>>> print(open('coords39.txt').read())   # compact mmCIF, C-alpha atoms
# COMPACT_ATOMS: atom_id res chain seq x y z
CA MET A 1 -7.43 -1.98 3.82
CA LEU A 2 -10.16 -4.62 4.19
CA LYS A 3 -12.40 -1.87 5.51
CA LYS A 4 -11.63 0.30 2.51
CA ALA A 5 -12.37 -2.69 0.26
CA GLY A 6 -15.79 -2.73 1.89
CA PHE A 7 -15.61 -5.72 4.22
CA GLU A 8 -15.89 -6.15 7.94
CA SER A 9 -13.22 -8.08 9.75
CA GLU A 10 -12.64 -9.21 13.30
CA LEU A 11 -9.46 -10.33 14.97
CA ALA A 12 -10.25 -13.84 16.14
CA SER A 13 -8.95 -14.87 19.53
CA ASP A 14 -11.82 -17.09 20.61
CA GLU A 15 -13.95 -19.86 19.15
CA ALA A 16 -17.12 -17.76 18.94
CA THR A 17 -15.46 -15.37 16.51
CA VAL A 18 -14.17 -18.18 14.31
CA GLU A 19 -17.55 -19.89 14.52
CA ARG A 20 -19.38 -16.94 12.99
CA ALA A 21 -16.70 -16.23 10.35
CA LYS A 22 -17.76 -16.46 6.72
CA LYS A 23 -14.16 -16.36 5.60
CA ILE A 24 -10.83 -16.60 7.33
CA ILE A 25 -7.58 -14.78 6.76
CA LEU A 26 -4.52 -16.49 8.22
CA PRO A 27 -1.74 -13.94 8.47
CA GLY A 28 1.68 -14.78 9.73
CA ILE A 29 4.53 -12.62 10.85
CA GLY A 30 7.98 -13.84 11.60
CA ALA A 31 9.44 -17.24 12.12
CA PHE A 32 7.54 -20.31 10.94
CA ASP A 33 7.91 -22.31 14.17
CA HIS A 34 6.76 -19.36 16.25
CA CYS A 35 3.64 -18.97 14.07
CA MET A 36 2.79 -22.67 14.17
CA GLN A 37 3.33 -22.84 17.93
CA ARG A 38 1.17 -19.78 18.49
CA PHE A 39 -1.55 -21.17 16.22
CA ASN A 40 -1.45 -24.58 17.89
CA ALA A 41 -1.55 -22.99 21.34
CA SER A 42 -4.40 -20.64 20.39
CA GLY A 43 -6.93 -23.44 20.79
CA LEU A 44 -8.46 -22.44 17.45
CA ARG A 45 -6.70 -24.87 15.13
CA GLN A 46 -9.31 -27.59 15.36
CA LEU A 47 -12.22 -25.26 14.72
CA VAL A 48 -10.45 -23.46 11.86
CA THR A 49 -9.65 -26.85 10.32
CA GLN A 50 -13.29 -27.88 10.58
CA LYS A 51 -14.51 -24.62 9.04
CA VAL A 52 -12.06 -24.85 6.17
CA MET A 53 -11.96 -28.58 5.47
CA GLU A 54 -15.56 -29.55 6.21
CA GLU A 55 -17.66 -26.42 5.84
CA LYS A 56 -15.37 -25.30 2.99
CA ILE A 57 -15.36 -21.62 3.85
CA PRO A 58 -12.69 -19.65 1.97
CA LEU A 59 -9.34 -19.16 3.68
CA LEU A 60 -6.54 -16.85 2.62
CA GLY A 61 -3.06 -17.41 4.03
CA ILE A 62 -0.73 -14.43 3.79
CA CYS A 63 3.07 -14.65 3.86
CA VAL A 64 3.94 -17.10 6.66
CA GLY A 65 0.20 -17.84 6.72
CA LEU A 66 0.68 -19.29 3.22
CA GLN A 67 3.71 -21.26 4.36
CA MET A 68 1.66 -22.69 7.24
CA LEU A 69 -0.63 -24.31 4.67
CA MET A 70 2.20 -26.56 3.48
CA GLU A 71 3.41 -29.79 5.07
CA LYS A 72 6.85 -28.69 6.21
CA SER A 73 9.23 -25.76 6.16
CA GLU A 74 12.99 -25.60 5.89
CA GLU A 75 12.81 -22.73 8.34
CA GLY A 76 11.75 -24.83 11.29
CA ILE A 77 10.98 -28.18 12.81
CA GLU A 78 7.24 -27.79 13.40
CA SER A 79 4.82 -29.48 11.01
CA GLY A 80 2.67 -27.29 8.81
CA LEU A 81 -1.08 -27.73 8.37
CA GLY A 82 -0.51 -29.84 5.26
CA TRP A 83 -3.62 -28.56 3.45
CA ILE A 84 -1.52 -28.01 0.33
CA ALA A 85 0.91 -30.79 -0.55
CA GLY A 86 4.48 -29.57 -0.69
CA ARG A 87 7.13 -27.81 1.33
CA THR A 88 8.50 -24.38 2.10
CA LEU A 89 12.07 -23.87 0.93
CA LYS A 90 14.77 -21.32 1.62
CA PHE A 91 15.98 -19.22 -1.32
CA LYS A 92 19.05 -20.92 -2.76
CA LYS A 93 21.90 -18.47 -2.37
CA ASP A 94 24.03 -20.04 -5.09
CA GLN A 95 21.28 -19.44 -7.65
CA LEU A 96 20.60 -15.82 -6.74
CA GLY A 97 23.75 -14.20 -8.14
CA ASP A 98 24.05 -10.75 -6.59
CA LEU A 99 20.53 -10.82 -5.19
CA LYS A 100 20.26 -10.81 -1.45
CA ILE A 101 18.10 -12.68 1.04
CA PRO A 102 15.45 -11.76 2.09
CA HIS A 103 13.69 -10.99 -1.15
CA MET A 104 12.20 -7.65 -0.26
CA GLY A 105 10.36 -5.30 -2.52
CA TRP A 106 7.88 -4.96 -5.35
CA THR A 107 7.91 -7.76 -7.89
CA ASP A 108 5.82 -8.44 -10.96
CA VAL A 109 3.83 -11.67 -11.02
CA GLN A 110 2.66 -14.01 -13.75
CA VAL A 111 -0.65 -15.78 -13.66
CA SER A 112 -0.29 -19.59 -13.68
CA LYS A 113 -4.01 -20.35 -13.77
CA SER A 114 -7.18 -18.35 -13.75
CA SER A 115 -8.96 -17.90 -10.47
CA GLU A 116 -11.58 -15.69 -8.86
CA LEU A 117 -8.94 -14.43 -6.44
CA THR A 118 -6.74 -12.97 -9.14
CA ALA A 119 -9.46 -11.83 -11.55
CA GLY A 120 -9.21 -8.27 -12.87
CA LEU A 121 -5.68 -7.55 -11.70
CA GLY A 122 -4.95 -5.67 -14.90
CA GLU A 123 -1.70 -5.36 -16.74
CA GLU A 124 1.63 -5.80 -15.01
CA PRO A 125 0.33 -6.50 -11.52
CA ARG A 126 3.00 -6.08 -8.86
CA PHE A 127 3.04 -6.90 -5.19
CA TYR A 128 5.13 -6.23 -2.12
CA PHE A 129 7.16 -9.22 -0.96
CA VAL A 130 9.24 -9.70 2.16
CA HIS A 131 10.47 -13.25 2.60
CA SER A 132 13.44 -15.57 2.76
CA PHE A 133 11.37 -18.70 2.15
CA TYR A 134 8.92 -19.66 -0.58
CA VAL A 135 6.46 -22.50 -1.05
CA SER A 136 6.96 -25.31 -3.50
CA PRO A 137 3.68 -27.16 -4.07
CA ASP A 138 3.95 -30.80 -5.19
CA ASN A 139 1.07 -30.37 -7.61
CA ARG A 140 1.65 -27.79 -10.29
CA GLU A 141 -2.07 -27.16 -10.59
CA ASP A 142 -2.03 -25.72 -7.05
CA GLU A 143 0.10 -22.82 -8.25
CA LEU A 144 -1.84 -19.60 -8.83
CA LEU A 145 0.84 -16.96 -9.38
CA ARG A 146 4.51 -17.09 -10.16
CA ALA A 147 7.26 -14.55 -9.62
CA ASN A 148 10.96 -14.38 -10.30
CA TYR A 149 13.77 -13.65 -7.88
CA GLY A 150 16.94 -15.10 -9.31
CA TYR A 151 14.73 -17.96 -10.41
CA ASP A 152 10.99 -18.59 -10.65
CA PHE A 153 9.10 -19.36 -7.46
CA THR A 154 5.46 -19.80 -6.47
CA ALA A 155 3.94 -16.49 -5.39
CA ALA A 156 0.41 -17.75 -4.68
CA VAL A 157 -1.43 -21.05 -4.42
CA SER A 158 -5.03 -22.18 -4.48
CA ARG A 159 -6.78 -25.47 -3.98
CA ALA A 160 -10.57 -25.43 -3.84
CA ASN A 161 -11.53 -22.98 -1.06
CA ILE A 162 -7.95 -22.58 0.20
CA PHE A 163 -5.82 -19.67 -1.03
CA GLY A 164 -2.42 -18.43 -0.08
CA VAL A 165 -0.25 -15.53 -1.19
CA GLN A 166 3.43 -14.98 -0.43
CA PHE A 167 3.21 -11.21 -0.85
CA HIS A 168 1.40 -8.70 1.33
CA PRO A 169 -1.86 -7.64 -0.36
CA GLU A 170 -2.58 -5.22 2.48
CA LYS A 171 0.59 -3.35 1.55
CA SER A 172 0.31 -3.57 -2.23
CA HIS A 173 -1.82 -0.57 -3.18
CA LYS A 174 -4.54 -1.18 -5.79
CA TYR A 175 -3.25 -4.63 -6.73
CA GLY A 176 -3.52 -5.88 -3.17
CA MET A 177 -6.85 -4.13 -2.78
CA LYS A 178 -8.13 -6.09 -5.78
CA ILE A 179 -7.04 -9.40 -4.25
CA LEU A 180 -8.76 -8.56 -0.96
CA GLU A 181 -11.90 -7.38 -2.79
CA ASN A 182 -11.95 -10.62 -4.75
CA PHE A 183 -11.46 -12.68 -1.63
CA GLY A 184 -14.19 -10.77 0.18
CA SER A 185 -16.58 -11.35 -2.72
CA LEU A 186 -15.99 -15.12 -3.01
CA MET B 187 13.04 -5.62 -15.36
CA LYS B 188 14.33 -5.37 -11.84
CA ARG B 189 12.47 -2.95 -9.66
CA ILE B 190 14.41 -0.91 -7.14
CA ARG B 191 12.63 0.18 -3.99
CA VAL B 192 12.39 3.95 -3.75
CA ILE B 193 11.56 4.91 -0.19
CA PRO B 194 10.53 8.36 1.05
CA GLY B 195 11.94 8.95 4.52
CA LEU B 196 9.74 11.01 6.82
CA LEU B 197 10.90 12.61 10.05
CA LEU B 198 8.62 13.05 13.05
CA HIS B 199 9.64 15.96 15.22
CA GLN B 200 7.45 17.38 17.98
CA LYS B 201 3.93 17.43 16.54
CA GLY B 202 4.50 17.06 12.82
CA LEU B 203 6.72 16.06 9.96
CA VAL B 204 9.90 18.00 9.36
CA LYS B 205 12.83 17.89 7.03
CA SER B 206 16.37 18.78 7.99
CA VAL B 207 19.62 19.85 6.37
CA ARG B 208 22.58 17.93 7.78
CA PHE B 209 20.35 16.84 10.68
CA LYS B 210 19.68 20.50 11.59
CA ASP B 211 17.55 23.43 10.42
CA TYR B 212 14.22 21.68 10.63
CA LYS B 213 11.50 22.87 8.38
CA TYR B 214 7.88 21.87 8.99
CA VAL B 215 6.45 19.93 6.07
CA GLY B 216 3.03 18.89 7.32
CA ASP B 217 0.90 16.37 9.11
CA PRO B 218 2.09 12.72 8.96
CA ILE B 219 -1.31 11.17 8.26
CA ASN B 220 -2.01 13.61 5.47
CA ALA B 221 1.41 12.88 3.99
CA VAL B 222 0.77 9.11 4.13
CA ARG B 223 -2.52 9.60 2.27
CA ILE B 224 -0.78 11.55 -0.47
CA PHE B 225 1.88 8.86 -0.72
CA ASN B 226 -0.90 6.25 -0.99
CA ASP B 227 -2.26 8.04 -4.04
CA LYS B 228 1.20 8.16 -5.54
CA GLU B 229 1.62 4.41 -4.95
CA VAL B 230 4.99 4.70 -3.28
CA ASP B 231 7.01 1.54 -2.77
CA GLU B 232 7.53 1.91 0.94
CA LEU B 233 7.83 4.55 3.65
CA ALA B 234 10.42 4.95 6.38
CA ILE B 235 9.19 6.97 9.34
CA LEU B 236 11.65 8.11 11.97
CA ASP B 237 10.81 9.78 15.27
CA ILE B 238 13.99 11.81 15.57
CA ASP B 239 13.32 13.01 19.13
CA ALA B 240 12.58 9.73 20.90
CA SER B 241 16.04 8.30 21.59
CA HIS B 242 17.55 11.64 22.41
CA GLU B 243 14.70 12.39 24.83
CA LYS B 244 14.98 8.82 26.19
CA ARG B 245 11.34 8.29 25.30
CA PRO B 246 9.84 4.97 24.16
CA PRO B 247 8.05 4.79 20.79
CA ASP B 248 4.57 6.34 20.79
CA ILE B 249 2.59 3.24 19.83
CA ASP B 250 -0.76 4.99 19.44
CA ARG B 251 0.69 7.57 17.13
CA ILE B 252 2.45 4.90 15.07
CA ALA B 253 -0.76 2.84 14.84
CA ALA B 254 -2.71 5.89 13.65
CA ILE B 255 -0.20 6.54 10.88
CA VAL B 256 0.28 2.92 9.83
CA SER B 257 -3.44 2.18 9.64
CA GLU B 258 -3.69 4.79 6.87
CA ALA B 259 -0.89 3.28 4.80
CA PHE B 260 -1.42 0.93 1.87
CA MET B 261 2.29 0.41 1.53
CA PRO B 262 4.92 -1.12 3.78
CA ILE B 263 6.14 1.02 6.63
CA ALA B 264 9.39 0.87 8.52
CA TYR B 265 9.36 2.75 11.81
CA GLY B 266 12.29 3.88 13.91
CA GLY B 267 12.81 5.98 16.99
CA GLY B 268 13.23 5.11 20.65
CA ILE B 269 12.97 1.33 20.35
CA THR B 270 15.00 -0.37 23.05
CA ARG B 271 12.99 -3.51 23.83
CA VAL B 272 11.65 -6.49 21.90
CA GLU B 273 8.18 -5.83 23.34
CA GLU B 274 8.14 -2.39 21.75
CA ALA B 275 9.13 -3.86 18.39
CA GLU B 276 6.37 -6.44 18.80
CA LYS B 277 3.73 -3.77 19.42
CA ILE B 278 4.87 -1.77 16.40
CA LEU B 279 4.78 -4.83 14.12
CA GLN B 280 1.43 -5.94 15.52
CA ASN B 281 0.04 -2.54 14.67
CA GLY B 282 0.83 -3.13 11.02
CA ALA B 283 4.33 -1.81 10.42
CA GLU B 284 6.51 -4.17 8.38
CA LYS B 285 9.81 -3.29 9.98
CA VAL B 286 11.41 -1.58 12.88
CA ILE B 287 14.48 0.57 12.46
CA ILE B 288 17.04 0.43 15.24
CA ASN B 289 19.76 3.04 15.59
CA LYS B 290 20.96 3.97 19.05
CA ALA B 291 19.89 0.74 20.74
CA ALA B 292 21.87 -1.25 18.15
CA VAL B 293 25.04 0.45 19.32
CA GLU B 294 24.24 -0.03 22.98
CA ASN B 295 22.86 -3.54 22.72
CA ALA B 296 23.34 -5.54 19.50
CA ASP B 297 21.47 -8.41 21.18
CA LEU B 298 18.26 -6.45 20.61
CA ILE B 299 18.72 -6.91 16.85
CA THR B 300 19.25 -10.64 17.37
CA ALA B 301 16.24 -10.96 19.64
CA ILE B 302 13.92 -9.15 17.20
CA ALA B 303 15.27 -11.17 14.25
CA LYS B 304 14.74 -14.44 16.13
CA ARG B 305 11.22 -13.56 17.08
CA PHE B 306 9.95 -11.89 13.90
CA GLY B 307 12.52 -12.75 11.24
CA SER B 308 15.46 -10.73 9.94
CA GLN B 309 13.28 -9.02 7.35
CA SER B 310 11.55 -7.11 10.14
CA VAL B 311 14.61 -5.41 11.57
CA VAL B 312 16.61 -2.65 9.95
CA ALA B 313 19.84 -1.38 11.44
CA SER B 314 20.23 2.30 10.75
CA LEU B 315 23.73 3.76 10.53
CA ASP B 316 24.17 7.53 10.60
CA PHE B 317 27.71 8.44 9.62
CA LYS B 318 29.80 11.56 9.29
CA LYS B 319 33.46 12.39 8.75
CA ASN B 320 35.26 13.85 11.75
CA TRP B 321 37.76 16.72 11.46
CA LEU B 322 40.56 14.25 10.71
CA GLY B 323 38.65 12.83 7.77
CA ALA B 324 37.83 9.52 9.45
CA THR B 325 34.25 8.32 9.01
CA LYS B 326 32.48 7.60 12.28
CA LEU B 327 29.13 6.29 13.38
CA PHE B 328 26.78 8.74 15.15
CA THR B 329 23.63 8.32 17.25
CA ASP B 330 21.11 10.62 18.94
CA ASN B 331 20.12 12.17 15.64
CA GLY B 332 23.72 13.01 14.83
CA LYS B 333 24.51 14.49 18.23
CA THR B 334 26.66 11.69 19.67
CA ASN B 335 29.85 10.40 18.07
CA THR B 336 30.18 6.72 18.97
CA ARG B 337 33.71 6.66 17.49
CA LEU B 338 32.78 3.34 15.90
CA ASP B 339 33.80 2.49 12.35
CA PRO B 340 30.65 2.19 10.18
CA GLU B 341 31.99 -0.70 8.11
CA GLN B 342 32.86 -2.81 11.15
CA PHE B 343 29.55 -1.90 12.72
CA ALA B 344 27.60 -2.85 9.57
CA LYS B 345 29.22 -6.29 9.66
CA ARG B 346 28.31 -6.62 13.32
CA MET B 347 24.70 -5.74 12.51
CA ALA B 348 24.52 -8.29 9.70
CA ASP B 349 26.00 -10.96 11.99
CA ALA B 350 23.52 -9.99 14.70
CA GLY B 351 20.64 -10.73 12.32
CA ALA B 352 19.64 -7.37 10.83
CA GLY B 353 17.73 -7.77 7.58
CA GLU B 354 18.82 -4.47 6.07
CA ILE B 355 21.15 -1.56 6.64
CA LEU B 356 19.79 1.97 6.30
CA LEU B 357 22.92 3.95 5.51
CA ASN B 358 22.47 7.64 6.16
CA ALA B 359 25.09 10.27 5.27
CA ILE B 360 24.63 13.09 7.79
CA ASP B 361 26.77 15.54 5.82
CA ARG B 362 24.61 15.14 2.74
CA ASP B 363 21.21 15.17 4.42
CA GLY B 364 18.96 17.71 2.72
CA THR B 365 21.67 18.96 0.35
CA PHE B 366 20.45 17.48 -2.98
CA GLU B 367 24.16 16.90 -3.76
CA GLY B 368 23.92 13.18 -4.40
CA TYR B 369 24.64 10.13 -2.24
CA ASP B 370 27.97 9.26 -0.67
CA LEU B 371 28.74 6.63 -3.30
CA GLU B 372 32.06 5.62 -1.81
CA MET B 373 30.43 4.65 1.48
CA ILE B 374 27.57 2.88 -0.29
CA LYS B 375 30.11 0.74 -2.11
CA LYS B 376 32.16 0.10 0.99
CA ILE B 377 29.23 -0.98 3.15
CA SER B 378 27.40 -3.02 0.52
CA ASP B 379 30.65 -4.86 -0.26
CA ALA B 380 31.11 -5.56 3.43
CA VAL B 381 27.70 -7.12 4.11
CA ASN B 382 25.46 -9.65 2.48
CA ILE B 383 22.19 -7.94 3.38
CA PRO B 384 20.46 -5.15 1.43
CA VAL B 385 21.79 -1.64 1.92
CA ILE B 386 19.37 1.29 1.59
CA ALA B 387 21.12 4.50 0.58
CA LEU B 388 19.96 7.70 2.27
CA GLY B 389 21.23 11.26 2.42
CA GLY B 390 21.78 13.65 -0.47
CA ALA B 391 19.52 12.41 -3.27
CA GLY B 392 18.43 15.16 -5.63
CA SER B 393 17.47 13.33 -8.81
CA LEU B 394 16.56 9.97 -10.30
CA ALA B 395 20.11 9.80 -11.67
CA ASP B 396 21.34 9.74 -8.06
CA PHE B 397 19.20 6.64 -7.44
CA LYS B 398 20.75 4.92 -10.42
CA GLN B 399 24.23 5.83 -9.17
CA ALA B 400 23.52 4.45 -5.71
CA VAL B 401 22.33 1.16 -7.19
CA ALA B 402 25.38 0.99 -9.46
CA HIS B 403 27.50 1.29 -6.31
CA GLY B 404 25.78 -1.58 -4.57
CA ALA B 405 22.66 -0.18 -2.91
CA SER B 406 19.66 -2.53 -3.03
CA ALA B 407 17.18 0.27 -2.40
CA VAL B 408 17.22 4.05 -2.22
CA SER B 409 15.66 6.47 0.20
CA ALA B 410 15.29 10.23 0.17
CA GLY B 411 13.62 12.94 2.21
CA SER B 412 13.91 16.42 0.78
CA MET B 413 13.53 15.26 -2.79
CA PHE B 414 10.01 14.00 -2.04
CA VAL B 415 8.77 16.80 0.20
CA PHE B 416 10.37 19.91 -1.28
CA GLN B 417 10.36 21.59 -4.59
CA LYS B 418 13.71 23.01 -5.57
CA PRO B 419 15.25 25.54 -5.39
CA HIS B 420 13.60 27.26 -2.41
CA ARG B 421 12.47 24.25 -0.42
CA ALA B 422 8.79 25.02 -0.89
CA VAL B 423 6.78 22.13 0.53
CA LEU B 424 5.41 19.89 -2.20
CA ILE B 425 5.00 16.15 -1.78
CA SER B 426 6.01 14.30 -4.92
CA TYR B 427 7.09 10.87 -6.14
CA PRO B 428 8.33 9.68 -9.53
CA SER B 429 5.83 7.96 -11.80
CA GLN B 430 6.19 4.28 -12.70
CA LYS B 431 7.22 5.34 -16.16
CA GLU B 432 9.99 7.61 -14.89
CA LEU B 433 11.24 4.86 -12.61
CA GLU B 434 11.17 2.28 -15.38
CA GLN B 435 13.05 4.51 -17.77
CA GLN B 436 15.54 6.08 -15.40
CA VAL B 437 16.09 3.81 -12.41
CA TYR B 438 15.16 0.18 -12.96
CA GLU B 439 17.60 -2.16 -14.64
>>> encode(input="coords39.txt", output="structure tokens")
Amino acid sequence: MLKKAGFESELASDEATVERAKKIILPGIGAFDHCMQRFNASGLRQLVTQKVMEEKIPLLGICVGLQMLMEKSEEGIESGLGWIAGRTLKFKKDQLGDLKIPHMGWTDVQVSKSSELTAGLGEEPRFYFVHSFYVSPDNREDELLRANYGYDFTAAVSRANIFGVQFHPEKSHKYGMKILENFGSL
Amino acid sequence: MKRIRVIPGLLLHQKGLVKSVRFKDYKYVGDPINAVRIFNDKEVDELAILDIDASHEKRPPDIDRIAAIVSEAFMPIAYGGGITRVEEAEKILQNGAEKVIINKAAVENADLITAIAKRFGSQSVVASLDFKKNWLGATKLFTDNGKTNTRLDPEQFAKRMADAGAGEILLNAIDRDGTFEGYDLEMIKKISDAVNIPVIALGGAGSLADFKQAVAHGASAVSAGSMFVFQKPHRAVLISYPSQKELEQQVYE
């Protein structure tokens, strides 16, 4: 999808690739601890941190990649990166009514603040979500998009050059394409 | 407004896509990559792709073929067929599929479901239950694309799958497959009452009203094959998908 949006991407498994990156996407599949352990063991954490925190290149966390940006997660015992203050929480069953966990499917989002990442999404943007956990930033101004599943939760965050989305833009047709285009054009 | 996932189910058989009636009488419907591109344009919610030969032929999933299909898709894909090992699931997910669908291996080794759920999260593993009534009227679970009667009770098995860590149940009524006669609502109710995870109804859908019925009986999502690849009444091949407006008016709550 990035290719269709008109951007080149490389899967980074060594420092040289990260070193020449103009932007970084941090995806994450599966369990939080597994993702953190794999990231920590990759040998790239320090360099990615330097690129993002010092050189201020844009980073987009997707799904668990977003959750990795937070300080902690109820899903595991590993520490997150802590670049966004707050925690990752499990959906509260007693507040979901008949809704089941994981939250899986297309859900409409509301814009909490304007941002280059979410510019031009059009009316009634919807995205594909698959998750049992969601992020809860301490600072409300870090919230970019909101969605509702039984109750409102944070669907995307941003703080300076750091972005994170709970949904899967790469699987969200034209809406996801727009997010990736916007990220690529930052 | 609550959106309901509407999921075309595509069957890989030999070299192309086919559609069956009651798991038999395959009719060729086209090339999988071409179909995915059409479904991209139609902005479908999700696709389920099943290789219906793999388990029966004791063949592992064809990773290259899956990767070629998935890389064309701008929507989530669930893939099933021949998966017996965590490593195979890993390769399929790494190649961009969202979920793996486990059918036969779930019967033979429920630990596989647990292992995949532990490694990649429950949301990435779907347990697929093909069921059919036997001549005594008892509903039994089948594998091998409907060829093998496991003699297991689908409700008990669904509970076992949920306990094992499956994120969803794909509930497929063999007797209704390809018939356009509507879902087996009784079974949808029974299974979705029995488990706490989403149940996807499959088998028999012929109209948007059938989707609504399935949801009213407890399904969290609906899937269909023939309805999206054939034009009634003569099963002429025509890929279609309801518009957002039709879904909003006739399916969503």
>>> atom_distance(input="coords39.txt", atom1="CA of Ala147 in chain A", atom2="CA of Gly30 in chain A")
21.2 Å
>>> interface_residues(input="coords39.txt", of="chain A", to="chain B", cutoff="7 Å", atoms="all atoms listed in the file", output="list in words")
Met1, Ile29, Gly30, Ala31, Lys100, Ile101, Pro102, Gly105, Trp106, Thr107, Val130, His131, Glu170, Lys171, Ser172 and His173 of chain A
>>> atom_distance(input="coords39.txt", atom1="CA of Gly202 in chain B", atom2="CA of Ile278 in chain B")
19.2 Å
>>> residues_near_point(input="coords39.txt", point="(10.2, 6.2, 1.2)", cutoff="7 Å", atoms="only C-alpha atoms", output="ChimeraX atom specification")
/B:192-195,231-234,409-410
>>> atom_distance(input="coords39.txt", atom1="CA of Gly364 in chain B", atom2="CA of His420 in chain B")
12.1 Å
>>> closest_residue(input="coords39.txt", among="A:Thr88, A:Ser42, A:Ser136, A:Ser185", to="Met68 in chain A", atoms="all atoms listed in the file")
A:Thr88
>>> residues_near_point(input="coords39.txt", point="(18.5, 10.3, 23.5)", cutoff="10 Å", atoms="all atoms listed in the file", output="PyMOL selection string")
chain B and resi 238-245+267-268+290+329-331+333-334
>>> write_last_selection(input="coords39.txt", atoms="C-alpha atoms", output="short mmCIF file (atom, residue, chain, number, x, y, z; two decimals), in the frame of the given file")
data_model
loop_
_atom_site.label_atom_id
_atom_site.label_comp_id
_atom_site.auth_asym_id
_atom_site.auth_seq_id
_atom_site.Cartn_x
_atom_site.Cartn_y
_atom_site.Cartn_z
CA ILE B 238 13.99 11.81 15.57
CA ASP B 239 13.32 13.01 19.13
CA ALA B 240 12.58 9.73 20.90
CA SER B 241 16.04 8.30 21.59
CA HIS B 242 17.55 11.64 22.41
CA GLU B 243 14.70 12.39 24.83
CA LYS B 244 14.98 8.82 26.19
CA ARG B 245 11.34 8.29 25.30
CA GLY B 267 12.81 5.98 16.99
CA GLY B 268 13.23 5.11 20.65
CA LYS B 290 20.96 3.97 19.05
CA THR B 329 23.63 8.32 17.25
CA ASP B 330 21.11 10.62 18.94
CA ASN B 331 20.12 12.17 15.64
CA LYS B 333 24.51 14.49 18.23
CA THR B 334 26.66 11.69 19.67
#
>>> residues_around(input="coords39.txt", residues="Ser206 in chain B", least_positions_apart="5", cutoff="12 Å", atoms="all atoms listed in the file", output="VMD selection string")
chain B and resid 195 to 199 211 to 215 238 331 to 332 360 to 366 389 to 390 410 to 413 415 to 416 421
>>> residues_around(input="coords39.txt", residues="range 109-121 of chain A", least_positions_apart="4", cutoff="7 Å", atoms="only C-alpha atoms", output="PyMOL selection string")
chain A and resi 125-126+143-147+175+178-179+182-183
>>> decode(input="coords39.txt", residues="range 245-287 of chain B", atoms="C-alpha atoms", output="PDB file, in the first residue's frame")
ATOM      1  CA  ARG B 245      -0.252 -30.256   1.854  1.00  0.00           C
ATOM      2  CA  PRO B 246       1.132 -27.282   3.811  1.00  0.00           C
ATOM      3  CA  PRO B 247      -0.075 -23.765   2.944  1.00  0.00           C
ATOM      4  CA  ASP B 248       1.433 -22.336  -0.244  1.00  0.00           C
ATOM      5  CA  ILE B 249       3.144 -19.296   1.265  1.00  0.00           C
ATOM      6  CA  ASP B 250       4.230 -17.747  -2.033  1.00  0.00           C
ATOM      7  CA  ARG B 251       0.752 -17.941  -3.437  1.00  0.00           C
ATOM      8  CA  ILE B 252      -0.737 -16.454  -0.261  1.00  0.00           C
ATOM      9  CA  ALA B 253       1.830 -13.628  -0.277  1.00  0.00           C
ATOM     10  CA  ALA B 254       1.014 -12.821  -3.914  1.00  0.00           C
ATOM     11  CA  ILE B 255      -2.688 -12.560  -3.128  1.00  0.00           C
ATOM     12  CA  VAL B 256      -2.330 -10.680   0.163  1.00  0.00           C
ATOM     13  CA  SER B 257       0.067  -8.094  -1.240  1.00  0.00           C
ATOM     14  CA  GLU B 258      -2.714  -6.976  -3.607  1.00  0.00           C
ATOM     15  CA  ALA B 259      -5.278  -6.546  -0.842  1.00  0.00           C
ATOM     16  CA  PHE B 260      -6.110  -3.230   0.811  1.00  0.00           C
ATOM     17  CA  MET B 261      -8.386  -4.947   3.266  1.00  0.00           C
ATOM     18  CA  PRO B 262      -7.825  -7.489   6.003  1.00  0.00           C
ATOM     19  CA  ILE B 263      -7.383 -11.067   4.901  1.00  0.00           C
ATOM     20  CA  ALA B 264      -7.968 -14.251   6.817  1.00  0.00           C
ATOM     21  CA  TYR B 265      -6.366 -17.314   5.264  1.00  0.00           C
ATOM     22  CA  GLY B 266      -7.100 -20.953   5.938  1.00  0.00           C
ATOM     23  CA  GLY B 267      -6.063 -24.274   4.495  1.00  0.00           C
ATOM     24  CA  GLY B 268      -3.431 -26.804   5.495  1.00  0.00           C
ATOM     25  CA  ILE B 269      -2.036 -24.974   8.518  1.00  0.00           C
ATOM     26  CA  THR B 270      -0.725 -27.432  11.083  1.00  0.00           C
ATOM     27  CA  ARG B 271       2.235 -25.590  12.631  1.00  0.00           C
ATOM     28  CA  VAL B 272       2.837 -22.274  14.383  1.00  0.00           C
ATOM     29  CA  GLU B 273       5.685 -21.546  11.961  1.00  0.00           C
ATOM     30  CA  GLU B 274       3.280 -21.719   9.029  1.00  0.00           C
ATOM     31  CA  ALA B 275       0.892 -19.323  10.763  1.00  0.00           C
ATOM     32  CA  GLU B 276       3.832 -17.009  11.430  1.00  0.00           C
ATOM     33  CA  LYS B 277       4.842 -16.950   7.762  1.00  0.00           C
ATOM     34  CA  ILE B 278       1.282 -16.225   6.666  1.00  0.00           C
ATOM     35  CA  LEU B 279       0.908 -13.365   9.158  1.00  0.00           C
ATOM     36  CA  GLN B 280       4.344 -11.983   8.286  1.00  0.00           C
ATOM     37  CA  ASN B 281       3.279 -11.885   4.665  1.00  0.00           C
ATOM     38  CA  GLY B 282       0.485  -9.504   5.546  1.00  0.00           C
ATOM     39  CA  ALA B 283      -2.555 -11.630   6.343  1.00  0.00           C
ATOM     40  CA  GLU B 284      -4.395 -10.525   9.479  1.00  0.00           C
ATOM     41  CA  LYS B 285      -5.611 -13.924  10.555  1.00  0.00           C
ATOM     42  CA  VAL B 286      -5.197 -17.596  10.025  1.00  0.00           C
ATOM     43  CA  ILE B 287      -8.171 -19.916   9.885  1.00  0.00           C
TER      44      ILE B 287
END
